[in-house]
Amino acid sequence: MRKKKVILIAIGISLTTIVIFICGQIYAKYNTKITGEGLAPIATWNFQVNDQKEEVQAINLASTSNNETLLNNKIAPGTSGSFDIIVDGSDSDVEINYEISFTEENNKPQNLKFIYDNVEYNSIIELEDKLSGKIEADNQTKIKTFNIQWKWNYETGSTAEEIAHNDLIDTQDMQLIQNYTFKICITGKQAEPVV
């Protein structure tokens with residue numbers, strides 16, 4: 001009896017294996033596997049200032065002068081000029097928030113003024129809020145140019161007393177100040193997409 005049980009179990013296992021094999025073959029005939037690959041192009045990022053990727057820019061006011069009145073390549077009362085800050089996101093596919101700031105302003109002649117958008121400012125730092133903004137991703141032109149003018153009038157004031165007082169200030173500034181310096185820092189950041 002025991003031998004019969006073992007034979008029956010062996011036959012049962014064999015039949016089960018054959019049935020599973022045959023059913024597996026039939027199922028495999030109706031099973032299709034499709035493979036592919038995912039594709040997600042990445043938006044490009046490009047941000048330049050005055051054709052450079054550097055964030056900190058240096059500007060020499062003497063080299064931006066409009067006239068030949070410089071004294072030994074130095075600014076003085078009666079000189080003026082202008083310079084451009086060009087923010088360029090041309091090859092960027094995303095919206096850019098840019099910020100222009102001025103730091104470390106040292107030794108500014110008191111009567112030297114800056115002009116932007118027909119408004120006069122006593123310090124370059126006063127311009128910061130006027131020069132920051134955004135470049136939209138779908139803008140046709142992604143270049144912003146900021147023309148900043150500067151002037152140090154030969155005589156400052158509207159009365160004889162004001163002019164005399166400011167002449168004294170100009171004379172002291174010319175005697176004491178060797179270099180007027182400031183740093184321009186321009187940063188560009190991708191704007192967070194709005195969903």
# chains A, B, ... in the order shown; residues from 1 in each chain; ligands from 1

$ residues_around --residues "Lys151 (chain A)" --least-positions-apart "3" --cutoff "8 Å" --atoms "only C-alpha atoms" --output "PyMOL selection string"
chain A and resi 78-81+112-114

$ residues_around --residues "region 145-148 of chain A" --least-positions-apart "5" --cutoff "8 Å" --atoms "only C-alpha atoms" --output "list of chain:residue names"
A:Ser82, A:Phe83, A:Asp84, A:Ile85, A:Ile86, A:Val87, A:Phe114, A:Ile115, A:Tyr116, A:Leu131

$ write_last_selection --atoms "N, CA and C atoms" --output "short mmCIF file (atom, residue, chain, number, x, y, z; two decimals), in the first residue's frame"
data_model
loop_
_atom_site.label_atom_id
_atom_site.label_comp_id
_atom_site.auth_asym_id
_atom_site.auth_seq_id
_atom_site.Cartn_x
_atom_site.Cartn_y
_atom_site.Cartn_z
N SER A 82 28.18 108.23 -18.15
CA SER A 82 27.12 107.23 -17.97
C SER A 82 27.71 105.84 -18.20
N PHE A 83 27.02 104.85 -17.66
CA PHE A 83 27.41 103.46 -17.89
C PHE A 83 26.14 102.62 -17.95
N ASP A 84 26.25 101.46 -18.59
CA ASP A 84 25.12 100.55 -18.74
C ASP A 84 25.34 99.29 -17.91
N ILE A 85 24.26 98.81 -17.35
CA ILE A 85 24.23 97.46 -16.77
C ILE A 85 23.26 96.67 -17.64
N ILE A 86 23.77 95.60 -18.26
CA ILE A 86 22.96 94.80 -19.17
C ILE A 86 22.73 93.43 -18.56
N VAL A 87 21.47 93.12 -18.30
CA VAL A 87 21.07 91.83 -17.73
C VAL A 87 20.50 91.01 -18.88
N PHE A 114 23.72 110.70 -9.17
CA PHE A 114 23.39 109.69 -10.16
C PHE A 114 22.00 109.97 -10.70
N ILE A 115 21.80 109.68 -11.99
CA ILE A 115 20.50 109.89 -12.62
C ILE A 115 20.09 108.59 -13.31
N TYR A 116 18.87 108.15 -12.99
CA TYR A 116 18.31 106.99 -13.67
C TYR A 116 16.84 107.28 -13.95
N LEU A 131 16.14 98.94 -9.89
CA LEU A 131 16.81 98.14 -10.92
C LEU A 131 16.54 96.64 -10.82
#

$ select_by_dssp --residues "region 139-168 of chain A" --states "helix (DSSP H, G or I)" --output "compact mmCIF listing (two decimals) with N, CA and C atoms, in the first residue's frame"
# COMPACT_ATOMS: atom_id res chain seq x y z
N ALA A 160 24.28 132.40 -4.36
CA ALA A 160 25.73 132.62 -4.23
C ALA A 160 26.26 131.93 -2.98
N GLU A 161 25.49 131.96 -1.89
CA GLU A 161 25.94 131.32 -0.65
C GLU A 161 26.01 129.80 -0.80
N GLU A 162 24.99 129.20 -1.43
CA GLU A 162 25.00 127.75 -1.65
C GLU A 162 26.18 127.35 -2.53
N ILE A 163 26.42 128.13 -3.58
CA ILE A 163 27.53 127.82 -4.49
C ILE A 163 28.86 127.91 -3.75
N ALA A 164 29.04 128.95 -2.96
CA ALA A 164 30.29 129.11 -2.20
C ALA A 164 30.47 127.96 -1.21
N HIS A 165 29.39 127.59 -0.53
CA HIS A 165 29.45 126.48 0.43
C HIS A 165 29.81 125.17 -0.28
N ASN A 166 29.18 124.90 -1.41
CA ASN A 166 29.45 123.66 -2.15
C ASN A 166 30.82 123.68 -2.80
N ASP A 167 31.33 124.85 -3.17
CA ASP A 167 32.71 124.93 -3.69
C ASP A 167 33.70 124.49 -2.62
N LEU A 168 33.43 124.89 -1.37
CA LEU A 168 34.30 124.45 -0.26
C LEU A 168 34.24 122.94 -0.10

$ atom_distance --atom1 "CA of Tyr121 (chain A)" --atom2 "CA of Asn153 (chain A)"
13.6 Å

$ closest_residue --among "A:Thr141, A:Thr187, A:Asn179, A:Ser65" --to "Glu99 (chain A)" --atoms "only C-alpha atoms"
A:Thr187

$ closest_residue --among "A:Glu95, A:Pro109, A:Leu61, A:Ala137" --to "Gln172 (chain A)" --atoms "only C-alpha atoms"
A:Pro109

$ atom_distance --atom1 "CA of Leu176 (chain A)" --atom2 "CA of Lys108 (chain A)"
10.8 Å

$ residues_around --residues "Ile100 (chain A)" --least-positions-apart "6" --cutoff "8 Å" --atoms "only C-alpha atoms" --output "list in words"
Glu128, Leu131, Ser132, Ile184, Cys185, Ile186 and Thr187 of chain A

$ write_last_selection --atoms "N, CA and C atoms" --output "CSV table (one decimal), in the first residue's frame"
chain,number,residue,atom,x,y,z
A,128,GLU,N,19.0,100.8,-6.0
A,128,GLU,CA,18.8,99.4,-5.9
A,128,GLU,C,17.3,98.9,-6.2
A,131,LEU,N,16.1,98.9,-9.9
A,131,LEU,CA,16.8,98.1,-10.9
A,131,LEU,C,16.5,96.6,-10.8
A,132,SER,N,15.8,96.2,-9.8
A,132,SER,CA,15.5,94.8,-9.7
A,132,SER,C,14.2,94.4,-10.4
A,184,ILE,N,29.1,96.5,-7.5
A,184,ILE,CA,27.8,96.1,-8.1
A,184,ILE,C,27.7,94.6,-8.0
A,185,CYS,N,26.7,94.1,-7.4
A,185,CYS,CA,26.4,92.7,-7.3
A,185,CYS,C,25.1,92.4,-8.0
A,186,ILE,N,25.1,91.5,-9.0
A,186,ILE,CA,23.9,91.2,-9.8
A,186,ILE,C,23.7,89.7,-9.6
A,187,THR,N,22.5,89.3,-9.2
A,187,THR,CA,22.2,87.9,-9.1
A,187,THR,C,20.9,87.6,-9.9

$ closest_residue --among "A:Asn122, A:Asn60, A:Asn73, A:Asn139" --to "Asp91 (chain A)" --atoms "only C-alpha atoms"
A:Asn139
